[in-house]
Structures are given as structure tokens and as C-alpha cells.
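S.K.: Have a look at this one.
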2 protein chains.
Amino acid sequence: MTEQMLIGVDLGGTTTKLAFMNHYGEISHKWEIPTDNTNEGKNITTNIAKAIDEKIKELHLTKNQFVGIGMGAPGPVNLQTGVVYNTVNLGWKDHYPLKDLLEMETSLPAVIDNDANCAALGEMWKGAGDGAKDLVCVTLGTGVGGGVITNGDIVQGISGAAGEIGHITAIPEGGTPCNCGKTGCLETIASATGIVRLAVEKLKQGVESASELASIYSELGHVSAKDVFDTAREGDPISTAVIKEVASYLGLALANIANTLNPEKIVLGGGVSKAGDILLTPVKQKFQTYAFPRVAQSTEIELATLGNDAGVIGAAWLIKHKGSNSTLNS
Amino acid sequence: MTEQMLIGVDLGGTTTKLAFMNHYGEISHKWEIPTDNTNEGKNITTNIAKAIDEKIKELHLTKNQFVGIGMGAPGPVNLQTGVVYNTVNLGWKDHYPLKDLLEMETSLPAVIDNDANCAALGEMWKGAGDGAKDLVCVTLGTGVGGGVITNGDIVQGISGAAGEIGHITAIPEGGTPCNCGKTGCLETIASATGIVRLAVEKLKQGVESASELASIYSELGHVSAKDVFDTAREGDPISTAVIKEVASYLGLALANIANTLNPEKIVLGGGVSKAGDILLTPVKQKFQTYAFPRVAQSTEIELATLGNDAGVIGAAWLIKHKGSNSTLNS
């Protein structure tokens, strides 16, 4: 029997990433298509099916060379049924039967999970996890997402809402309103959006000493999270204060996650994590302060290594391990 | 083949609880012996072996009617090797080979885990868990312990320190020193000791209005956690303020655990949990405030139902499911 291939799909609000890979998670082909969320999102599965069919044809392959499709979707998912409970960006109604529709359009078995969970599985399998079977992945992007892996498998939670690390309450009283309806969520601080908000707050308070960030702000009328990190590397006092504040809340949240789970690794991914040591170093310091001594000694904080591929690789892990046609399925 | 029985042992600093039960977790005999921690704790396993042998003789049973022994120990444990990394109350040296010694003394297979993990497994199997495979158990006693269960199995963590919920940092700056070496741990607030500390702090600040708790304190020179709850039920202003504070920190910590794991249930056990609704109601209110909406709707907070039996029952679960001679072992 020829070894069958896996298809990984990472469905995003504007772009859908697709990849073909083997059972070792080695990508042979990857590409992107725009996500069409018009028509209540009904074109999404059709477009994915067309994209896969076209690529199969282009590569002179046949459909029976594929085990099936693993896919990450932006919202809480019922892993067993493949129903997306609700999602804000794709136009779908609540309880959207994504797996059934995708299987119908593609004639391939499909397994669906939340996109942050897929990223965590990807990092576990081929990325920073490096064999760790207890791993927490935190994605610091426009928002803050998370995936929790214990004993080598993702934690779904009773309603698919495990890993909502961005909605850990970091500021119990008087925090900033969050999209989720609460206030003071970690996402309002440690996301790119949160970092910009904190920076602008401080910039509006007035500047006592020379600040490159203040110059950018007065020139452009806005700053980016990257501006904050770039100027902090040059010693900018405002940017340094912003990062100190972000690191303090993030370090505390990660320490309390680790006090609960003592994972082998906490992997930080997403655009904000690309800041590297200027963020990682103070986060690690605060983590050491707030973690139970035995946890502080054993749980490591590392940067994600797969970048944008984490989602498709983790999605492919799903179909490899949880697909009904999977040869490895127990 | 006659159905074999399980032995559960809950090793505490002053008392060791033992029980015989069947594969359904139904206890047929239970008893206690004092824990002898003299002689570097070397008598502990011998005394347990003697106690089991005597009980077997007394009941006219034979050793081959038993699958083995599951035991909970007060400290971080390596589940695979049965080595206790360190423990403060039993006199043992670090890396104590508890499983090997217990097996040698009793000639029965043994499985060892942390006592809080055993309590969580007990509540999952026969207590408040009621079939829940994703469950967090928090024991509010002299200290605060915890056990985390995902996908029906306990989370150990990379160095056996998962479930250290008592050492979640509740007060990041200026908190009270904790035995663990950190400050502001949940244990310094939500344990019986913490509740008394908060009450005495408030009592020393002086009393504005009539307070039964203040009367007890001026009469006896001390108060208990039970005094705080009892007087709060009568509307005592100081006790009410203490409980409000405890509930706020505990509700926040539980919400953040649930934002990470979305367990079906969070089960509160230990002596403090016996306070019942006077504590549970405000904890649930704060939990609702701080939990991600989808988590607030789906994760339930309940009181433990097994009381002191949780430890021996959960320990027996271990030998049933993880014992090398277990018929159910996969």
C-alpha cells in the first residue's frame, strides 16, 4: 500500500491556508485561498473542496491517495460532531455543521477542531514541543488564543471552551472591556491590540523624557505593537514601561496556568511573540516570581517555531490520529 | 474466578486511612492507624503492611483475593516509579522509593500518587463527579490542594506538580508569605488558616459595630474558620467581610482555571467546604463574573460528597486502572 497523505486546512477570517503532507508532518505542498464569508459563509466549504480538487489535478494525484482533511476553525468546536458552536467572522449561523458539509463537498473524511488547538497540536508534533506531551500553547496575535495539551491530547472542555487563555481575567476590577463581554481579560493587555492600547494610554498621559515612540505617534497619529518593541530595544522609556506591564500580567497568567498543569512547555506563538527576547525575558522573570518553586524549575517557556504552518500541521495531526479512516486510529 | 478486591490507603501526616473495597468502589471495611513518622519515616510502610495483614487475618481472607494497593501520599509523586520527590511531614528523605518499599513489605503490587490527586479521582469515580471526565477538585483544608482530571485521567505534570492550585498567585504584590516560599498564594487566603488570618487582621483593626466574632475573639483569644462561617450566618459584619474577600479570590482563581480547562465540574472539598452555601454562593457569583461566558454557562461548581473517603476511594481507582496486575489495565 502506498503511504497515504494528509490534508491540513487552517480556516481564517480573511485567508484559508491549505497543505498536503505525509504522515511525518512533512509538507509537500502548501497554498492559500481567500476566505469568502459572504452568503452566510456558505461558499467556504465549496471553495475549500474546489481548491483541493484543483491542486490534486495539478499534481496528477488522485483523491484515494488522501486519508482525509483536518481543519482548524476560528471558534469553539465539538470535536466529535464537527459542529462549530458559534463564530463571529465567517457569517455562519450558530451550530454550523462544518464537518458534515466539508465531507459532503470533498468526499473525504474530515476532523474539525478550534484553530488555536490545532496550532498547539502542530507545535507539539513538529514545533517547539519537541516531544512534550504536556504543553500549553498561547497565541499572541490580534487577540490571544490558547490550546492545552495533556497526556498527548488536546483538552476540549465540556463545551469546547478549554484553552480560552485570552479570557483569563488579569485585572479583576476596573479592567478594559473585552469583546467577550467581560472586562480585564488577558487579551486586552497581551494582544497586539492590547499593547497598542496601553502604549496610546501612556502616550496620551504626556511624555516626560525623549521618546521615539512619542515621535512616531505624533507623526503618524498611531503606533503598532512592532513600534513598541522596536523602540523598546533602543531604550525608549514609554515602550519599556508598556512591555514591563504586559510581561507582568502575562507572566502571572502563565505561572498560574503552570501551577495548575505543570506542563513541560508553554509555547508562545503569534505575531507578538516575534518580538523575541525583549518580551520573553521579562515574561520569564515574572513567571519565576509567580510559579510554585517546583513548577518554576520544571516548566519551560519557549517561542513557537512553526510560524504560520502550525495550524495546518496540527490540523493534519487531527486527521492522522482522530480520523475514522485513519490507519492509526484506535 | 472470584472477583478480587482493592486496597485504598490515604497516608496523612498524623493518621493513615485504609479501606478494602470491590471493583465498583464500594467499601466493605475501613479503618485508621496513626502515622508513625519517627525513625525518618521508615516505620510507615511496615505499619501499613502489618495493618493490612492483621485485617486480612481478622476477616478470614487471603492475600491473593486482593489486586493490590493504591495509595495517596502528601507530596509530589512520580506515578510511574512511585517515588515521592519530597514531603515535609513524614520524615522521609527526598526521592523516597515508596512504591518499592510498600510492595516489598506487603507482597502486593502498589500504585502511588499525590493525595490531592487521589481525592480528585475518588470524587470523579464515586462522588460529586458523577461521570464527569473533565474535573478539577480543590481541597480547602488547613492548606489548599488540588487535582486536575482531563479526559478521565489525572494530570501529573512534568515533575508531578500539576494541581498546585493552592499556590496559584492570588495577590501578585504585597501578599502574605506562604510556606512554599512565594507570597500571595491562594492558600494564604482560602485555607482554614488563611480565613483565620484574614479574620484576625480585621478584628485587630477594631470593630465599629456589634460583632459576635469579636466577642469570641476577646473571650478566647482566637477564632476558628468555623466561627467565621457560623457567625456570618447570623449576619456578623466582620465575618461577612472575610467571606466576601475569600470568595472573591477563590472565585477568580476557579474562573481562571475554568477559562483554561472548561471542566465539566469544579468540586470543592475539605473542611472549609463544609461551610456550604455561605461560601459556595458568593464563590459562584464571582466565578460567573470572571469566567468566559461560554465557560460560565457550562462549568459547574459543586461541593464534594465523599468527605474523608475520597482519598482511599481514589487511591483504589489507581490500582484498579493503573496497577500492573489489574485485569482492567490496558
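Following the order of the C-alpha cells, first chain is A, next is B, and so on, with residues numbered from 1 inside each chain and ligands from 1 in the order they appear.
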Using only C-alpha atoms, find the residues of chain B whose closest atom to chain A is at most 8 Å away, then write them as JSON, numbers by chain.

M.R.: {"B": [134, 148, 150, 151, 155, 156, 157, 158, 159, 160, 161, 162, 163, 164, 165, 167, 168, 169, 172, 180, 181, 182, 252, 255, 256, 257, 258, 259, 260, 261, 262, 263, 264, 289, 290, 291, 292, 293, 294, 295, 298, 299]}

S.K.: For a test of reading the model, state the distance in Å between atom CA of Glu212 of chain A and atom CA of Asp236 of chain A, rounded to one decimal.

M.R.: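 One can read the atom CA of Glu212 of chain A to atom CA of Asp236 of chain A distance as 6.3 Å.
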
S.K.: Counting only C-alpha atoms, what is within 12 Å of segment 50-64 of chain B, bar same-chain residues fewer than 2 positions away, as a ChimeraX atom specification?

M.R.: /B:1-9,16-20,28-35,43-48,66-69,102,105-109,325

S.K.: Those residues with N, CA, C and O atoms, as a compact mmCIF listing (two decimals), in the first residue's frame please?

M.R.:
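Okay, this is what ended up in result_3.txt:
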# COMPACT_ATOMS: atom_id res chain seq x y z
N MET B 1 -13.52 -17.31 38.38
CA MET B 1 -12.62 -16.52 39.25
C MET B 1 -13.42 -15.61 40.19
O MET B 1 -14.32 -14.90 39.77
N THR B 2 -13.11 -15.65 41.45
CA THR B 2 -13.74 -14.76 42.42
C THR B 2 -13.27 -13.34 42.13
O THR B 2 -12.11 -13.12 41.82
N GLU B 3 -14.17 -12.40 42.24
CA GLU B 3 -13.77 -11.02 41.99
C GLU B 3 -12.77 -10.56 43.04
O GLU B 3 -12.97 -10.77 44.24
N GLN B 4 -11.69 -9.98 42.58
CA GLN B 4 -10.67 -9.54 43.52
C GLN B 4 -11.03 -8.18 44.11
O GLN B 4 -11.78 -7.41 43.53
N MET B 5 -10.44 -7.90 45.26
CA MET B 5 -10.72 -6.65 45.96
C MET B 5 -9.56 -5.67 45.82
O MET B 5 -8.44 -6.04 45.45
N LEU B 6 -9.85 -4.41 46.10
CA LEU B 6 -8.87 -3.34 46.02
C LEU B 6 -8.58 -2.82 47.42
O LEU B 6 -9.46 -2.79 48.27
N ILE B 7 -7.34 -2.37 47.63
CA ILE B 7 -6.99 -1.72 48.90
C ILE B 7 -6.66 -0.26 48.61
O ILE B 7 -5.83 0.03 47.74
N GLY B 8 -7.33 0.63 49.31
CA GLY B 8 -7.02 2.05 49.19
C GLY B 8 -6.39 2.55 50.48
O GLY B 8 -6.87 2.22 51.58
N VAL B 9 -5.31 3.31 50.36
CA VAL B 9 -4.63 3.86 51.53
C VAL B 9 -4.47 5.37 51.34
O VAL B 9 -4.06 5.82 50.26
N THR B 16 -3.28 7.46 59.06
CA THR B 16 -3.34 6.77 57.78
C THR B 16 -4.69 6.06 57.69
O THR B 16 -5.04 5.28 58.58
N LYS B 17 -5.44 6.36 56.64
CA LYS B 17 -6.74 5.71 56.43
C LYS B 17 -6.56 4.54 55.48
O LYS B 17 -5.84 4.64 54.49
N LEU B 18 -7.24 3.44 55.80
CA LEU B 18 -7.17 2.26 54.94
C LEU B 18 -8.59 1.77 54.64
O LEU B 18 -9.49 1.94 55.46
N ALA B 19 -8.76 1.16 53.49
CA ALA B 19 -10.08 0.60 53.15
C ALA B 19 -9.93 -0.56 52.18
O ALA B 19 -9.03 -0.56 51.33
N PHE B 20 -10.79 -1.55 52.35
CA PHE B 20 -10.97 -2.62 51.37
C PHE B 20 -12.24 -2.30 50.59
O PHE B 20 -13.25 -1.92 51.18
N SER B 28 -16.04 -2.14 51.84
CA SER B 28 -16.57 -3.16 52.75
C SER B 28 -15.99 -2.99 54.16
O SER B 28 -16.66 -3.26 55.14
N HIS B 29 -14.74 -2.54 54.24
CA HIS B 29 -14.12 -2.31 55.54
C HIS B 29 -13.24 -1.09 55.45
O HIS B 29 -12.50 -0.92 54.48
N LYS B 30 -13.31 -0.23 56.48
CA LYS B 30 -12.36 0.88 56.53
C LYS B 30 -11.95 1.14 57.96
O LYS B 30 -12.72 0.92 58.90
N TRP B 31 -10.69 1.53 58.14
CA TRP B 31 -10.17 1.78 59.46
C TRP B 31 -8.97 2.74 59.37
O TRP B 31 -8.58 3.11 58.26
N GLU B 32 -8.48 3.14 60.51
CA GLU B 32 -7.37 4.10 60.54
C GLU B 32 -6.27 3.61 61.46
O GLU B 32 -6.54 2.91 62.43
N ILE B 33 -5.05 4.01 61.16
CA ILE B 33 -3.94 3.78 62.09
C ILE B 33 -3.18 5.09 62.23
O ILE B 33 -3.22 5.93 61.34
N PRO B 34 -2.50 5.29 63.36
CA PRO B 34 -1.69 6.50 63.47
C PRO B 34 -0.49 6.41 62.52
O PRO B 34 0.02 5.33 62.28
N THR B 35 -0.08 7.55 61.97
CA THR B 35 1.12 7.59 61.13
C THR B 35 2.33 7.81 62.04
O THR B 35 2.38 8.80 62.77
N ASN B 43 9.10 3.47 59.56
CA ASN B 43 8.08 2.55 60.07
C ASN B 43 6.77 2.61 59.28
O ASN B 43 5.90 1.75 59.46
N ILE B 44 6.64 3.64 58.46
CA ILE B 44 5.34 3.89 57.82
C ILE B 44 4.88 2.71 56.97
O ILE B 44 3.76 2.21 57.14
N THR B 45 5.72 2.25 56.06
CA THR B 45 5.30 1.16 55.17
C THR B 45 5.14 -0.15 55.95
O THR B 45 4.24 -0.94 55.67
N THR B 46 6.00 -0.37 56.93
CA THR B 46 5.87 -1.58 57.76
C THR B 46 4.53 -1.59 58.50
O THR B 46 3.83 -2.60 58.53
N ASN B 47 4.20 -0.45 59.08
CA ASN B 47 2.93 -0.37 59.82
C ASN B 47 1.72 -0.59 58.90
O ASN B 47 0.73 -1.21 59.31
N ILE B 48 1.81 -0.06 57.69
CA ILE B 48 0.70 -0.27 56.74
C ILE B 48 0.59 -1.76 56.39
O ILE B 48 -0.51 -2.32 56.37
N PHE B 66 -6.70 -10.00 46.72
CA PHE B 66 -6.53 -8.56 46.50
C PHE B 66 -5.72 -8.28 45.24
O PHE B 66 -4.70 -8.92 44.99
N VAL B 67 -6.19 -7.31 44.44
CA VAL B 67 -5.47 -6.87 43.24
C VAL B 67 -4.17 -6.18 43.63
O VAL B 67 -3.12 -6.37 43.01
N GLY B 68 -4.25 -5.35 44.66
CA GLY B 68 -3.08 -4.58 45.07
C GLY B 68 -3.51 -3.37 45.87
O GLY B 68 -4.67 -3.25 46.27
N ILE B 69 -2.55 -2.48 46.06
CA ILE B 69 -2.76 -1.30 46.91
C ILE B 69 -2.61 -0.03 46.10
O ILE B 69 -1.62 0.15 45.39
N LEU B 102 6.72 -0.33 49.79
CA LEU B 102 5.38 -0.82 50.13
C LEU B 102 5.14 -2.20 49.49
O LEU B 102 4.58 -3.10 50.12
N GLU B 105 7.13 -4.81 51.48
CA GLU B 105 6.55 -5.12 52.79
C GLU B 105 5.26 -5.92 52.68
O GLU B 105 4.95 -6.74 53.54
N THR B 106 4.47 -5.61 51.65
CA THR B 106 3.12 -6.20 51.59
C THR B 106 3.03 -7.38 50.62
O THR B 106 2.03 -8.10 50.62
N SER B 107 4.02 -7.55 49.77
CA SER B 107 3.96 -8.55 48.69
C SER B 107 2.75 -8.35 47.80
O SER B 107 2.19 -9.31 47.26
N LEU B 108 2.33 -7.10 47.66
CA LEU B 108 1.23 -6.77 46.76
C LEU B 108 1.69 -5.65 45.82
O LEU B 108 2.50 -4.81 46.21
N PRO B 109 1.18 -5.64 44.58
CA PRO B 109 1.52 -4.52 43.69
C PRO B 109 0.94 -3.22 44.25
O PRO B 109 -0.15 -3.24 44.85
N ASN B 325 -0.97 -5.60 37.69
CA ASN B 325 -1.71 -6.87 37.76
C ASN B 325 -3.21 -6.67 37.52
O ASN B 325 -3.98 -7.61 37.62

S.K.: From the DSSP assignment of the backbone, select every residue of segment 23-229 of chain A that is helix (DSSP H, G or I), and format the answer as a PyMOL selection string.

M.R.: chain A and resi 39-41+43-58+63-65+98-106+115-126+165-167+187-190+192-204+212-220+225-229

S.K.: I'd like the neighbourhood of Val312 of chain B as a PyMOL selection string, where a residue qualifies if any of its atoms comes within 12 Å (using only C-alpha atoms), though same-chain residues fewer than 3 positions away should be ignored.

M.R.: chain B and resi 6-12+16-21+25-27+29-32+69-73+112-123+125-126+306-309+315-319

S.K.: Which value, in Å to one decimal, gives the distance between atom CA of Gly311 of chain A and atom CA of Asn22 of chain A?

M.R.: 15.4 Å

S.K.: Need the shell around Gly251 of chain A: protein/DNA/RNA residues with any atom at most 8 Å away, counting only C-alpha atoms. Skip same-chain ones fewer than 5 positions apart. Format as a count of residues only?

M.R.: 7

S.K.: Report as a PDB file with N, CA and C atoms, in the first residue's frame all protein, DNA and RNA residues lying within 8 Å of Ile189 of chain B, evaluated on only C-alpha atoms, omitting residues in the same chain fewer than 6 positions from it.

M.R.:
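That gives us around.pdb:
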ATOM      1  N   ILE B 195      -8.293  31.916  56.293  1.00  0.00           N
ATOM      2  CA  ILE B 195      -9.542  32.556  56.728  1.00  0.00           C
ATOM      3  C   ILE B 195      -9.373  33.122  58.143  1.00  0.00           C
ATOM      4  N   ARG B 197      -6.550  33.977  59.514  1.00  0.00           N
ATOM      5  CA  ARG B 197      -5.623  35.097  59.424  1.00  0.00           C
ATOM      6  C   ARG B 197      -6.346  36.380  59.001  1.00  0.00           C
ATOM      7  N   LEU B 198      -7.176  36.263  57.961  1.00  0.00           N
ATOM      8  CA  LEU B 198      -7.935  37.433  57.492  1.00  0.00           C
ATOM      9  C   LEU B 198      -8.861  37.959  58.585  1.00  0.00           C
ATOM     10  N   VAL B 246     -12.589  36.191  50.736  1.00  0.00           N
ATOM     11  CA  VAL B 246     -12.167  34.835  50.370  1.00  0.00           C
ATOM     12  C   VAL B 246     -12.853  34.412  49.067  1.00  0.00           C
ATOM     13  N   TYR B 249     -11.352  36.066  45.830  1.00  0.00           N
ATOM     14  CA  TYR B 249     -10.097  35.486  45.337  1.00  0.00           C
ATOM     15  C   TYR B 249     -10.292  34.053  44.852  1.00  0.00           C
TER      16      TYR B 249
END

S.K.: Could you list, as JSON, numbers by chain, every residue within 10 Å of segment 268-272 of chain A, counting only C-alpha atoms and ignoring same-chain residues fewer than 4 positions away?

M.R.: {"A": [119, 120, 123, 128, 136, 137, 138, 139, 140, 141, 142, 143, 144, 145, 146, 190, 191, 192, 193, 195, 225, 226, 229, 276, 279, 280, 301, 302, 303, 304, 305, 306, 307, 308, 310]}

S.K.: Would you save the residues of that selection, restricted to C-alpha atoms, as an mmCIF file, in the first residue's frame?

M.R.:
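Output file again.cif is given in full below:
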data_model
loop_
_atom_site.group_PDB
_atom_site.id
_atom_site.type_symbol
_atom_site.label_atom_id
_atom_site.label_comp_id
_atom_site.auth_asym_id
_atom_site.auth_seq_id
_atom_site.Cartn_x
_atom_site.Cartn_y
_atom_site.Cartn_z
ATOM 1 C CA ALA A 119 -1.741 25.403 16.433
ATOM 2 C CA ALA A 120 -0.957 23.763 19.792
ATOM 3 C CA GLU A 123 3.763 22.852 17.842
ATOM 4 C CA ALA A 128 8.716 23.797 19.861
ATOM 5 C CA VAL A 136 0.215 24.786 26.614
ATOM 6 C CA CYS A 137 0.346 26.953 23.516
ATOM 7 C CA VAL A 138 -0.527 30.635 23.761
ATOM 8 C CA THR A 139 -1.017 32.599 20.546
ATOM 9 C CA LEU A 140 -0.392 36.311 20.986
ATOM 10 C CA GLY A 141 -1.858 37.908 17.862
ATOM 11 C CA THR A 142 -4.626 40.422 17.234
ATOM 12 C CA GLY A 143 -6.286 38.548 20.080
ATOM 13 C CA VAL A 144 -4.919 35.940 22.474
ATOM 14 C CA GLY A 145 -5.770 32.285 21.890
ATOM 15 C CA GLY A 146 -4.678 29.098 23.534
ATOM 16 C CA ALA A 190 -1.128 40.935 25.886
ATOM 17 C CA SER A 191 -2.515 41.006 22.325
ATOM 18 C CA ALA A 192 -1.148 43.342 19.655
ATOM 19 C CA THR A 193 -4.315 45.385 20.151
ATOM 20 C CA ILE A 195 -0.172 46.523 23.605
ATOM 21 C CA ALA A 225 2.909 46.742 18.601
ATOM 22 C CA LYS A 226 6.031 46.351 16.478
ATOM 23 C CA PHE A 229 9.050 46.535 20.631
ATOM 24 C CA GLY A 276 11.540 37.672 20.893
ATOM 25 C CA LEU A 279 9.264 40.278 25.635
ATOM 26 C CA LEU A 280 10.322 36.736 26.529
ATOM 27 C CA ILE A 301 8.622 28.919 28.347
ATOM 28 C CA GLU A 302 9.662 28.851 24.702
ATOM 29 C CA LEU A 303 8.869 30.593 21.444
ATOM 30 C CA ALA A 304 6.854 28.755 18.796
ATOM 31 C CA THR A 305 8.918 27.577 15.834
ATOM 32 C CA LEU A 306 6.389 26.716 13.119
ATOM 33 C CA GLY A 307 5.024 30.202 12.483
ATOM 34 C CA ASN A 308 2.057 30.168 10.104
ATOM 35 C CA ALA A 310 1.409 25.384 12.960
#

S.K.: Would you return as JSON, numbers by chain the members of segment 14-247 of chain B that DSSP assigns to strand (DSSP E or B) on this structure's backbone?

M.R.: {"B": [15, 16, 17, 18, 19, 20, 21, 27, 28, 29, 30, 31, 32, 33, 34, 66, 67, 68, 69, 70, 71, 72, 73, 77, 78, 83, 84, 96, 110, 111, 112, 113, 114, 135, 136, 137, 138, 139, 140, 144, 145, 146, 147, 148, 149, 150, 153, 154, 169, 177, 183, 185]}

S.K.: One decimal, in Å: what's the spacing between atom CA of Asp227 of chain B and atom CA of Thr176 of chain B?

M.R.: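 Answer for the atom CA of Asp227 of chain B to atom CA of Thr176 of chain B separation: 22.0 Å.
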